[in-house]
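Reproduced below: input-v8.cif, with mmCIF, C-alpha atoms.
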data_start
loop_
_atom_site.group_PDB
_atom_site.id
_atom_site.type_symbol
_atom_site.label_atom_id
_atom_site.label_comp_id
_atom_site.auth_asym_id
_atom_site.auth_seq_id
_atom_site.Cartn_x
_atom_site.Cartn_y
_atom_site.Cartn_z
ATOM 1 C CA MET W 1 16.259 -28.890 32.626
ATOM 2 C CA LYS W 2 18.058 -32.181 33.212
ATOM 3 C CA LYS W 3 21.095 -31.088 31.186
ATOM 4 C CA GLN W 4 21.182 -27.723 32.972
ATOM 5 C CA ILE W 5 21.368 -29.510 36.330
ATOM 6 C CA VAL W 6 24.197 -31.745 35.089
ATOM 7 C CA LEU W 7 26.179 -28.765 33.815
ATOM 8 C CA ALA W 8 25.672 -26.919 37.090
ATOM 9 C CA VAL W 9 27.067 -29.884 39.014
ATOM 10 C CA LEU W 10 30.054 -30.069 36.684
ATOM 11 C CA VAL W 11 30.869 -26.435 37.336
ATOM 12 C CA MET W 12 30.768 -27.019 41.084
ATOM 13 C CA ILE W 13 32.882 -30.178 41.235
ATOM 14 C CA GLY W 14 35.198 -29.870 38.233
ATOM 15 C CA PHE W 15 35.604 -32.027 35.143
ATOM 16 C CA SER W 16 37.991 -32.917 32.370
ATOM 17 C CA SER W 17 37.441 -33.545 28.686
ATOM 18 C CA LEU W 18 36.875 -37.041 27.320
ATOM 19 C CA ALA W 19 38.470 -38.600 24.300
ATOM 20 C CA PHE W 20 37.231 -42.178 24.513
ATOM 21 C CA GLY W 21 35.882 -44.253 21.668
ATOM 22 C CA ASP W 22 35.596 -47.902 22.613
ATOM 23 C CA GLU W 23 38.874 -47.915 24.540
ATOM 24 C CA VAL W 24 40.131 -46.652 27.892
ATOM 25 C CA ASP W 25 43.676 -45.312 27.859
ATOM 26 C CA LYS W 26 46.580 -46.760 29.830
ATOM 27 C CA ARG W 27 46.255 -44.352 32.747
ATOM 28 C CA PHE W 28 43.396 -46.460 34.132
ATOM 29 C CA GLN W 29 44.516 -50.067 34.515
ATOM 30 C CA GLN W 30 41.588 -51.133 36.716
ATOM 31 C CA ALA W 31 39.089 -50.023 34.077
ATOM 32 C CA ARG W 32 41.048 -51.667 31.258
ATOM 33 C CA LYS W 33 41.183 -54.939 33.206
ATOM 34 C CA TYR W 34 37.423 -54.851 33.819
ATOM 35 C CA LEU W 35 36.687 -54.421 30.115
ATOM 36 C CA LYS W 36 39.143 -57.153 29.106
ATOM 37 C CA ASP W 37 37.976 -59.668 31.731
ATOM 38 C CA ASN W 38 34.311 -59.133 30.808
ATOM 39 C CA LYS W 39 34.980 -58.964 27.036
ATOM 40 C CA MET W 40 33.056 -55.718 26.741
ATOM 41 C CA THR W 41 33.610 -52.293 25.198
ATOM 42 C CA ILE W 42 32.476 -48.790 26.010
ATOM 43 C CA THR W 43 29.138 -48.201 24.274
ATOM 44 C CA THR W 44 29.167 -45.705 21.424
ATOM 45 C CA THR W 45 25.943 -46.686 19.621
ATOM 46 C CA ILE W 46 22.561 -48.113 20.579
ATOM 47 C CA GLU W 47 23.115 -51.028 18.167
ATOM 48 C CA GLN W 48 26.247 -51.925 20.117
ATOM 49 C CA ALA W 49 24.295 -51.826 23.377
ATOM 50 C CA TYR W 50 21.807 -54.379 22.063
ATOM 51 C CA THR W 51 24.438 -56.724 20.639
ATOM 52 C CA GLN W 52 26.370 -56.891 23.929
ATOM 53 C CA ASP W 53 23.125 -56.649 25.969
ATOM 54 C CA ALA W 54 24.490 -53.804 28.082
ATOM 55 C CA ILE W 55 25.344 -50.137 28.001
ATOM 56 C CA LEU W 56 28.755 -49.125 29.341
ATOM 57 C CA VAL W 57 29.362 -45.390 29.615
ATOM 58 C CA VAL W 58 32.502 -43.714 30.891
ATOM 59 C CA GLY W 59 33.274 -40.392 32.521
ATOM 60 C CA GLU W 60 36.576 -38.798 33.510
ATOM 61 C CA GLY W 61 36.815 -36.190 36.255
ATOM 62 C CA VAL W 62 39.329 -34.050 38.131
ATOM 63 C CA PRO W 63 39.160 -32.829 41.745
ATOM 64 C CA LYS W 64 37.281 -29.749 42.789
ATOM 65 C CA LYS W 65 39.588 -26.765 43.104
ATOM 66 C CA GLY W 66 40.828 -26.168 46.624
ATOM 67 C CA THR W 67 40.362 -29.750 47.848
ATOM 68 C CA THR W 68 43.154 -31.693 49.528
ATOM 69 C CA GLY W 69 43.935 -35.289 50.495
ATOM 70 C CA ALA W 70 41.095 -37.798 50.140
ATOM 71 C CA GLN W 71 38.722 -35.038 49.045
ATOM 72 C CA LYS W 72 40.558 -34.838 45.727
ATOM 73 C CA ARG W 73 39.751 -38.463 44.923
ATOM 74 C CA LEU W 74 36.139 -38.233 46.091
ATOM 75 C CA THR W 75 35.320 -35.051 44.177
ATOM 76 C CA ALA W 76 37.041 -36.348 41.051
ATOM 77 C CA ILE W 77 35.017 -39.583 41.182
ATOM 78 C CA THR W 78 31.805 -37.607 41.697
ATOM 79 C CA ALA W 79 32.633 -35.470 38.657
ATOM 80 C CA ALA W 80 33.393 -38.563 36.581
ATOM 81 C CA LYS W 81 30.105 -40.189 37.592
ATOM 82 C CA VAL W 82 28.097 -37.109 36.602
ATOM 83 C CA ILE W 83 29.797 -37.001 33.199
ATOM 84 C CA ALA W 84 29.074 -40.713 32.691
ATOM 85 C CA GLN W 85 25.419 -40.064 33.543
ATOM 86 C CA ARG W 86 25.341 -37.260 30.987
ATOM 87 C CA ARG W 87 26.666 -39.656 28.363
ATOM 88 C CA LEU W 88 24.003 -42.162 29.370
ATOM 89 C CA VAL W 89 21.290 -39.522 28.848
ATOM 90 C CA GLU W 90 22.643 -38.818 25.365
ATOM 91 C CA LEU W 91 22.695 -42.516 24.455
ATOM 92 C CA LEU W 92 19.244 -43.305 25.834
ATOM 93 C CA GLU W 93 17.680 -40.424 23.947
ATOM 94 C CA GLY W 94 18.407 -42.415 20.795
ATOM 95 C CA VAL W 95 16.694 -45.623 21.938
ATOM 96 C CA ALA W 96 13.709 -46.419 19.746
ATOM 97 C CA ILE W 97 10.613 -47.584 21.596
ATOM 98 C CA VAL W 98 8.590 -48.586 18.574
ATOM 99 C CA SER W 99 8.482 -47.449 14.949
ATOM 100 C CA GLU W 100 9.420 -43.738 14.751
ATOM 101 C CA THR W 101 8.983 -43.119 18.484
ATOM 102 C CA THR W 102 12.211 -42.640 20.464
ATOM 103 C CA ILE W 103 12.865 -42.021 24.142
ATOM 104 C CA LYS W 104 13.547 -38.366 23.348
ATOM 105 C CA ASP W 105 10.250 -37.983 21.502
ATOM 106 C CA SER W 106 8.342 -39.667 24.309
ATOM 107 C CA GLU W 107 9.956 -37.473 26.943
ATOM 108 C CA LEU W 108 8.389 -34.486 25.232
ATOM 109 C CA ALA W 109 4.971 -36.103 25.024
ATOM 110 C CA SER W 110 4.768 -38.295 28.108
ATOM 111 C CA ASP W 111 5.522 -37.553 31.745
ATOM 112 C CA VAL W 112 5.348 -41.310 32.389
ATOM 113 C CA ILE W 113 8.275 -42.067 30.063
ATOM 114 C CA LYS W 114 10.187 -38.988 31.207
ATOM 115 C CA THR W 115 9.864 -40.018 34.867
ATOM 116 C CA ALA W 116 10.940 -43.595 34.102
ATOM 117 C CA VAL W 117 14.082 -42.517 32.259
ATOM 118 C CA THR W 118 15.047 -39.910 34.861
ATOM 119 C CA GLY W 119 14.560 -42.354 37.737
ATOM 120 C CA PHE W 120 16.508 -45.063 35.951
ATOM 121 C CA ILE W 121 19.502 -42.792 35.325
ATOM 122 C CA ARG W 122 19.569 -41.625 38.933
ATOM 123 C CA GLY W 123 19.557 -45.243 40.120
ATOM 124 C CA THR W 124 22.573 -46.407 38.103
ATOM 125 C CA GLN W 125 25.626 -47.622 39.985
ATOM 126 C CA PRO W 126 29.276 -47.660 38.844
ATOM 127 C CA VAL W 127 31.056 -50.952 38.135
ATOM 128 C CA VAL W 128 34.482 -49.254 38.034
ATOM 129 C CA GLN W 129 35.827 -46.271 40.003
ATOM 130 C CA ASP W 130 39.448 -45.849 38.989
ATOM 131 C CA TRP W 131 41.783 -43.204 40.459
ATOM 132 C CA ASN W 132 45.093 -42.220 38.913
ATOM 133 C CA ALA W 133 46.973 -40.628 41.815
ATOM 134 C CA SER W 134 49.925 -39.385 39.772
ATOM 135 C CA GLU W 135 47.695 -37.353 37.445
ATOM 136 C CA GLU W 136 44.937 -36.788 40.017
ATOM 137 C CA THR W 137 42.269 -37.945 37.586
ATOM 138 C CA ALA W 138 39.344 -40.324 38.150
ATOM 139 C CA LEU W 139 37.439 -42.521 35.748
ATOM 140 C CA VAL W 140 34.027 -44.094 36.330
ATOM 141 C CA ILE W 141 32.268 -46.748 34.234
ATOM 142 C CA LEU W 142 28.515 -47.182 34.602
ATOM 143 C CA LYS W 143 27.003 -50.437 33.363
ATOM 144 C CA ILE W 144 23.318 -50.807 32.576
ATOM 145 C CA GLY W 145 21.848 -54.103 31.407
ATOM 146 C CA MET W 146 19.494 -53.961 28.435
ATOM 147 C CA SER W 147 17.516 -56.972 29.700
ATOM 148 C CA GLY W 148 17.072 -58.878 32.941
ATOM 149 C CA PRO W 149 15.964 -57.760 36.440
ATOM 150 C CA LYS W 150 16.593 -54.063 37.216
ATOM 151 C CA SER W 151 17.615 -53.492 33.592
ATOM 152 C CA PHE W 152 16.687 -50.659 31.292
ATOM 153 C CA ALA W 153 14.138 -52.919 29.570
ATOM 154 C CA ALA W 154 12.549 -53.893 32.896
ATOM 155 C CA THR W 155 12.009 -50.231 33.729
ATOM 156 C CA MET W 156 10.735 -49.242 30.302
ATOM 157 C CA TYR W 157 8.435 -52.166 29.473
ATOM 158 C CA GLU W 158 6.542 -51.600 32.695
ATOM 159 C CA LYS W 159 5.822 -48.035 31.576
ATOM 160 C CA ILE W 160 5.488 -48.165 27.809
ATOM 161 C CA LEU W 161 3.066 -51.078 27.631
ATOM 162 C CA SER W 162 0.550 -49.053 29.639
ATOM 163 C CA GLU W 163 1.268 -45.728 27.924
ATOM 164 C CA PRO W 164 -1.768 -44.666 25.776
ATOM 165 C CA LYS W 165 0.342 -43.100 23.020
ATOM 166 C CA ILE W 166 2.489 -46.218 22.655
ATOM 167 C CA LYS W 167 -0.481 -48.592 22.874
ATOM 168 C CA LYS W 168 -2.197 -46.720 20.054
ATOM 169 C CA GLU W 169 0.932 -46.980 17.910
ATOM 170 C CA LEU W 170 0.962 -50.756 18.474
ATOM 171 C CA GLU W 171 -2.623 -51.340 17.311
ATOM 172 C CA LYS W 172 -2.107 -53.164 14.015
ATOM 173 C CA PRO W 173 -4.114 -55.942 12.293
ATOM 174 C CA VAL W 174 -2.886 -59.453 13.101
ATOM 175 C CA TYR W 175 -1.637 -61.692 10.294
ATOM 176 C CA LEU W 176 -3.673 -64.667 9.107
ATOM 177 C CA PRO W 177 -2.583 -66.686 6.062
ATOM 178 C CA PRO W 178 -4.730 -66.148 2.953
ATOM 179 C CA ALA W 179 -7.093 -69.047 2.320
ATOM 180 C CA ASP W 180 -5.801 -69.506 -1.223
ATOM 181 C CA LEU W 181 -2.124 -69.597 -0.247
ATOM 182 C CA GLN W 182 -0.611 -73.056 -0.386
ATOM 183 C CA PRO W 183 0.951 -73.852 3.012
ATOM 184 C CA PRO W 184 4.642 -74.826 2.988
ATOM 185 C CA GLY W 185 5.506 -78.493 3.141
ATOM 186 C CA PRO W 186 6.358 -80.066 6.507
ATOM 187 C CA ALA W 187 9.938 -79.632 7.717
ATOM 188 C CA SER W 188 12.032 -82.686 8.538
ATOM 189 C CA GLN W 189 12.507 -81.210 11.993
ATOM 190 C CA ALA W 190 10.195 -78.757 13.734
ATOM 191 C CA TYR W 191 11.462 -75.202 13.893
ATOM 192 C CA ASP W 192 11.888 -73.834 17.397
ATOM 193 C CA GLY W 193 13.120 -70.290 16.704
ATOM 194 C CA LEU W 194 13.479 -67.631 14.032
ATOM 195 C CA VAL W 195 16.507 -65.876 12.537
ATOM 196 C CA ILE W 196 15.584 -62.975 10.281
ATOM 197 C CA ASP W 197 18.301 -61.487 8.089
ATOM 198 C CA ALA W 198 17.871 -57.712 7.754
ATOM 199 C CA THR W 199 21.370 -56.924 6.502
ATOM 200 C CA ASP W 200 20.053 -55.532 3.208
ATOM 201 C CA TYR W 201 18.207 -52.734 5.004
ATOM 202 C CA ASN W 202 18.734 -49.873 7.443
ATOM 203 C CA PHE W 203 17.095 -51.634 10.367
ATOM 204 C CA ARG W 204 17.764 -50.687 13.986
ATOM 205 C CA PRO W 205 17.049 -52.418 17.304
ATOM 206 C CA ALA W 206 14.224 -51.117 19.484
ATOM 207 C CA LEU W 207 12.433 -52.033 22.672
ATOM 208 C CA ILE W 208 9.689 -53.372 20.394
ATOM 209 C CA ASN W 209 10.788 -54.702 16.973
ATOM 210 C CA ARG W 210 7.950 -56.101 14.876
ATOM 211 C CA ILE W 211 7.650 -58.224 11.740
ATOM 212 C CA PHE W 212 4.931 -57.487 9.151
ATOM 213 C CA ASN W 213 3.764 -59.013 5.909
ATOM 214 C CA ALA W 214 3.384 -57.009 2.695
ATOM 215 C CA ARG W 215 -0.189 -55.985 3.602
ATOM 216 C CA GLY W 216 0.813 -54.411 6.914
ATOM 217 C CA GLU W 217 -0.421 -57.281 9.093
ATOM 218 C CA VAL W 218 1.773 -58.069 12.069
ATOM 219 C CA LEU W 219 3.292 -61.542 12.497
ATOM 220 C CA TYR W 220 5.554 -60.797 15.437
ATOM 221 C CA ASP W 221 4.510 -58.252 18.037
ATOM 222 C CA PRO W 222 6.530 -58.250 21.291
ATOM 223 C CA ALA W 223 3.837 -56.084 22.906
ATOM 224 C CA LYS W 224 1.689 -59.249 22.988
ATOM 225 C CA ILE W 225 4.414 -61.253 24.747
ATOM 226 C CA SER W 226 4.347 -61.587 28.517
ATOM 227 C CA GLN W 227 6.190 -58.824 30.341
ATOM 228 C CA LYS W 228 8.219 -61.449 32.222
ATOM 229 C CA VAL W 229 9.664 -62.799 28.955
ATOM 230 C CA LEU W 230 10.407 -59.304 27.650
ATOM 231 C CA VAL W 231 12.157 -58.272 30.850
ATOM 232 C CA GLU W 232 14.276 -61.415 31.043
ATOM 233 C CA GLN W 233 15.189 -61.722 27.364
ATOM 234 C CA GLY W 234 14.123 -58.594 25.490
ATOM 235 C CA CYS W 235 12.191 -58.882 22.241
ATOM 236 C CA GLY W 236 15.004 -60.780 20.522
ATOM 237 C CA GLU W 237 18.712 -61.291 19.993
ATOM 238 C CA TYR W 238 20.747 -58.893 17.842
ATOM 239 C CA THR W 239 23.806 -60.018 15.876
ATOM 240 C CA ASN W 240 25.661 -59.195 12.665
ATOM 241 C CA SER W 241 25.599 -62.651 11.040
ATOM 242 C CA VAL W 242 23.189 -65.554 10.620
ATOM 243 C CA ASP W 243 25.628 -67.943 12.315
ATOM 244 C CA LYS W 244 25.866 -65.654 15.335
ATOM 245 C CA GLY W 245 22.069 -65.481 15.353
ATOM 246 C CA ARG W 246 21.873 -69.263 15.506
ATOM 247 C CA ALA W 247 24.458 -69.320 18.311
ATOM 248 C CA ALA W 248 22.636 -66.623 20.307
ATOM 249 C CA LEU W 249 19.356 -68.531 20.075
ATOM 250 C CA GLY W 250 21.206 -71.711 20.988
ATOM 251 C CA LYS W 251 21.802 -70.199 24.422
ATOM 252 C CA ARG W 252 18.014 -70.021 24.754
ATOM 253 C CA GLY W 253 17.681 -73.707 23.936
ATOM 254 C CA VAL W 254 16.899 -73.295 20.226
ATOM 255 C CA ARG W 255 18.206 -76.179 18.127
ATOM 256 C CA ASN W 256 16.605 -75.668 14.703
ATOM 257 C CA PRO W 257 15.705 -72.056 13.931
ATOM 258 C CA LEU W 258 13.917 -71.072 10.744
ATOM 259 C CA VAL W 259 16.177 -68.690 8.791
ATOM 260 C CA VAL W 260 14.503 -66.123 6.518
ATOM 261 C CA LYS W 261 15.389 -62.855 4.805
ATOM 262 C CA ALA W 262 13.485 -59.624 5.281
ATOM 263 C CA SER W 263 12.000 -58.171 2.106
ATOM 264 C CA GLY W 264 11.971 -54.592 3.358
ATOM 265 C CA THR W 265 11.217 -52.304 6.288
ATOM 266 C CA VAL W 266 7.953 -50.734 7.405
ATOM 267 C CA SER W 267 9.857 -48.295 9.605
ATOM 268 C CA PRO W 268 13.461 -48.117 10.876
ATOM 269 C CA SER W 269 12.578 -50.621 13.624
ATOM 270 C CA ASP W 270 9.923 -52.777 11.896
ATOM 271 C CA LEU W 271 10.673 -55.413 9.252
ATOM 272 C CA GLN W 272 8.620 -56.727 6.369
ATOM 273 C CA VAL W 273 8.626 -60.189 4.776
ATOM 274 C CA SER W 274 7.067 -61.547 1.599
ATOM 275 C CA ASP W 275 3.721 -63.332 1.691
ATOM 276 C CA THR W 276 5.398 -66.696 1.124
ATOM 277 C CA THR W 277 7.846 -66.091 3.979
ATOM 278 C CA ALA W 278 5.038 -64.829 6.212
ATOM 279 C CA ALA W 279 3.125 -68.083 5.697
ATOM 280 C CA GLN W 280 6.284 -70.066 6.428
ATOM 281 C CA ILE W 281 6.897 -68.171 9.696
ATOM 282 C CA PHE W 282 3.258 -68.516 10.728
ATOM 283 C CA SER W 283 3.232 -72.261 10.056
ATOM 284 C CA ALA W 284 6.500 -72.851 11.914
ATOM 285 C CA ASN W 285 5.317 -70.869 14.919
ATOM 286 C CA GLN W 286 1.994 -72.749 15.025
ATOM 287 C CA GLY W 287 3.907 -75.933 15.663
ATOM 288 C CA ASN W 288 6.228 -74.623 18.382
ATOM 289 C CA GLY W 289 5.083 -71.212 19.652
ATOM 290 C CA PHE W 290 8.614 -69.823 19.661
ATOM 291 C CA MET W 291 7.502 -66.230 19.120
ATOM 292 C CA ALA W 292 5.639 -66.208 22.433
ATOM 293 C CA ASP W 293 9.012 -66.818 24.100
ATOM 294 C CA ALA W 294 10.813 -64.179 21.967
ATOM 295 C CA ARG W 295 13.069 -66.843 20.428
ATOM 296 C CA VAL W 296 13.844 -64.497 17.556
ATOM 297 C CA ALA W 297 17.218 -63.210 16.337
ATOM 298 C CA PHE W 298 17.574 -60.107 14.199
ATOM 299 C CA VAL W 299 20.666 -59.926 11.972
ATOM 300 C CA LEU W 300 21.835 -56.326 11.497
ATOM 301 C CA ARG W 301 24.288 -54.761 9.086
#

Can the structure in the file be given as structure tokens, please?
Amino acid sequence: MKKQIVLAVLVMIGFSSLAFGDEVDKRFQQARKYLKDNKMTITTTIEQAYTQDAILVVGEGVPKKGTTGAQKRLTAITAAKVIAQRRLVELLEGVAIVSETTIKDSELASDVIKTAVTGFIRGTQPVVQDWNASEETALVILKIGMSGPKSFAATMYEKILSEPKIKKELEKPVYLPPADLQPPGPASQAYDGLVIDATDYNFRPALINRIFNARGEVLYDPAKISQKVLVEQGCGEYTNSVDKGRAALGKRGVRNPLVVKASGTVSPSDLQVSDTTAAQIFSANQGNGFMADARVAFVLR
């Protein structure tokens, strides 16, 4: 129904085709300057949205037929905004909530999630409205933060953590070290964060990324973290190298993160570690409590 409404609006106000990847062409200097000054790119994948902590979608529109003067610019901008919103819908449908559950799946099963997504999309505001008078074409960029106040995460965490279907999915046994497992020796300096290298596996970011041991017990469960922390910081940082993971956590005040490698995946958005690594993570967290503050960085391919 949502897509039918969007298409109906496009027919009424006019639109033009899009051919953007992560660049905006030279017809729109204001938009190009915004992207350059903010060191950002148009979002093409969900992974990209997490690594730059924002979604940027673009739409290009032309005036409604029969309009003149200022109406041309206004109707073209309206068309561009609607197209950008359509792109946002398509991107958000691929956001994983937890495990195999995506926004699209939850829309079919949950009116709560569907209402949250629809309301969020309607409330987005453009950061760029560029008008090329010579070609009578408008371009709009919508920016949506992945974390922080009024972000996508703020909207979704409020809903999903009280959603029965999601809560049931999150009910997993909590990890406790085996009694016969020798604890790791003391570190010269206490660990105050965690970097987990998942580059050997097809792991994707989600609103809730968890870490399990080999027996399916959960070490890191963002659903148990305070909603305030999740809203402000998300369930972790996402980078493509260990060094970048260290640097990202450094902005959160982390000085000595524990660096480990994942041993596998439980699902596309849940990682697994060996029993030895699980004990090491547990011990390090007991001394500092960094997981309660989501001081975790996931390293993606």

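Every protein, DNA or RNA residue with an atom at most 10 Å from stretch 171-174 of chain W, where all atoms listed in the file count and chain neighbours fewer than 5 positions away do not, is listed here: Ile166, Phe212, Asn213, Arg215, Gly216, Glu217, Val218, Leu219, Tyr220, Asp221 and Ala223 of chain W.
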
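Close contacts of W:Asp270, defined as residues with an atom at most 9 Å away when counting all atoms listed in the file, with chain neighbours fewer than 4 positions off set aside, comprise W:Val98, W:Ser99, W:Phe203, W:Arg204, W:Pro205, W:Ala206, W:Ile208, W:Asn209, W:Arg210, W:Ile211, W:Phe212, W:Gly264, W:Thr265, W:Val266.
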
**OP:** Give me the result of the PyMOL selection byres ((chain W and resi 35) around 12) on this file, residue by residue, as an MDAnalysis selection string.
**Re:** chainID W and resid 22:25 28:34 36:43 56:58 127:128 141:143

So that I have them on file, write out the residues from the current selection with C-alpha atoms, as a PDB file, in the frame of the given file.
ATOM      1  CA  ASP W  22      35.596 -47.902  22.613  1.00  0.00           C
ATOM      2  CA  GLU W  23      38.874 -47.915  24.540  1.00  0.00           C
ATOM      3  CA  VAL W  24      40.131 -46.652  27.892  1.00  0.00           C
ATOM      4  CA  ASP W  25      43.676 -45.312  27.859  1.00  0.00           C
ATOM      5  CA  PHE W  28      43.396 -46.460  34.132  1.00  0.00           C
ATOM      6  CA  GLN W  29      44.516 -50.067  34.515  1.00  0.00           C
ATOM      7  CA  GLN W  30      41.588 -51.133  36.716  1.00  0.00           C
ATOM      8  CA  ALA W  31      39.089 -50.023  34.077  1.00  0.00           C
ATOM      9  CA  ARG W  32      41.048 -51.667  31.258  1.00  0.00           C
ATOM     10  CA  LYS W  33      41.183 -54.939  33.206  1.00  0.00           C
ATOM     11  CA  TYR W  34      37.423 -54.851  33.819  1.00  0.00           C
ATOM     12  CA  LYS W  36      39.143 -57.153  29.106  1.00  0.00           C
ATOM     13  CA  ASP W  37      37.976 -59.668  31.731  1.00  0.00           C
ATOM     14  CA  ASN W  38      34.311 -59.133  30.808  1.00  0.00           C
ATOM     15  CA  LYS W  39      34.980 -58.964  27.036  1.00  0.00           C
ATOM     16  CA  MET W  40      33.056 -55.718  26.741  1.00  0.00           C
ATOM     17  CA  THR W  41      33.610 -52.293  25.198  1.00  0.00           C
ATOM     18  CA  ILE W  42      32.476 -48.790  26.010  1.00  0.00           C
ATOM     19  CA  THR W  43      29.138 -48.201  24.274  1.00  0.00           C
ATOM     20  CA  LEU W  56      28.755 -49.125  29.341  1.00  0.00           C
ATOM     21  CA  VAL W  57      29.362 -45.390  29.615  1.00  0.00           C
ATOM     22  CA  VAL W  58      32.502 -43.714  30.891  1.00  0.00           C
ATOM     23  CA  VAL W 127      31.056 -50.952  38.135  1.00  0.00           C
ATOM     24  CA  VAL W 128      34.482 -49.254  38.034  1.00  0.00           C
ATOM     25  CA  ILE W 141      32.268 -46.748  34.234  1.00  0.00           C
ATOM     26  CA  LEU W 142      28.515 -47.182  34.602  1.00  0.00           C
ATOM     27  CA  LYS W 143      27.003 -50.437  33.363  1.00  0.00           C
TER      28      LYS W 143
END

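Take the candidates W:Gly69, W:Pro222, W:Pro268, W:Gly145 and check each one against W:Tyr201 using all atoms listed in the file; the shortest distance goes to W:Pro268.
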
**OP:** Would you mind reading off the distance between atom CA of W:Lys64 and atom CA of W:Lys26, one decimal, in Å?
**Re:** 23.3 Å

**OP:** Measuring atom to atom with all atoms listed in the file, identify which of W:Phe298, W:Tyr238, W:Tyr50, W:Tyr175 is nearest to W:Ala278.
**Re:** W:Tyr175

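The spacing separating atom CA of W:Val195 from atom CA of W:Val259 amounts to 4.7 Å.
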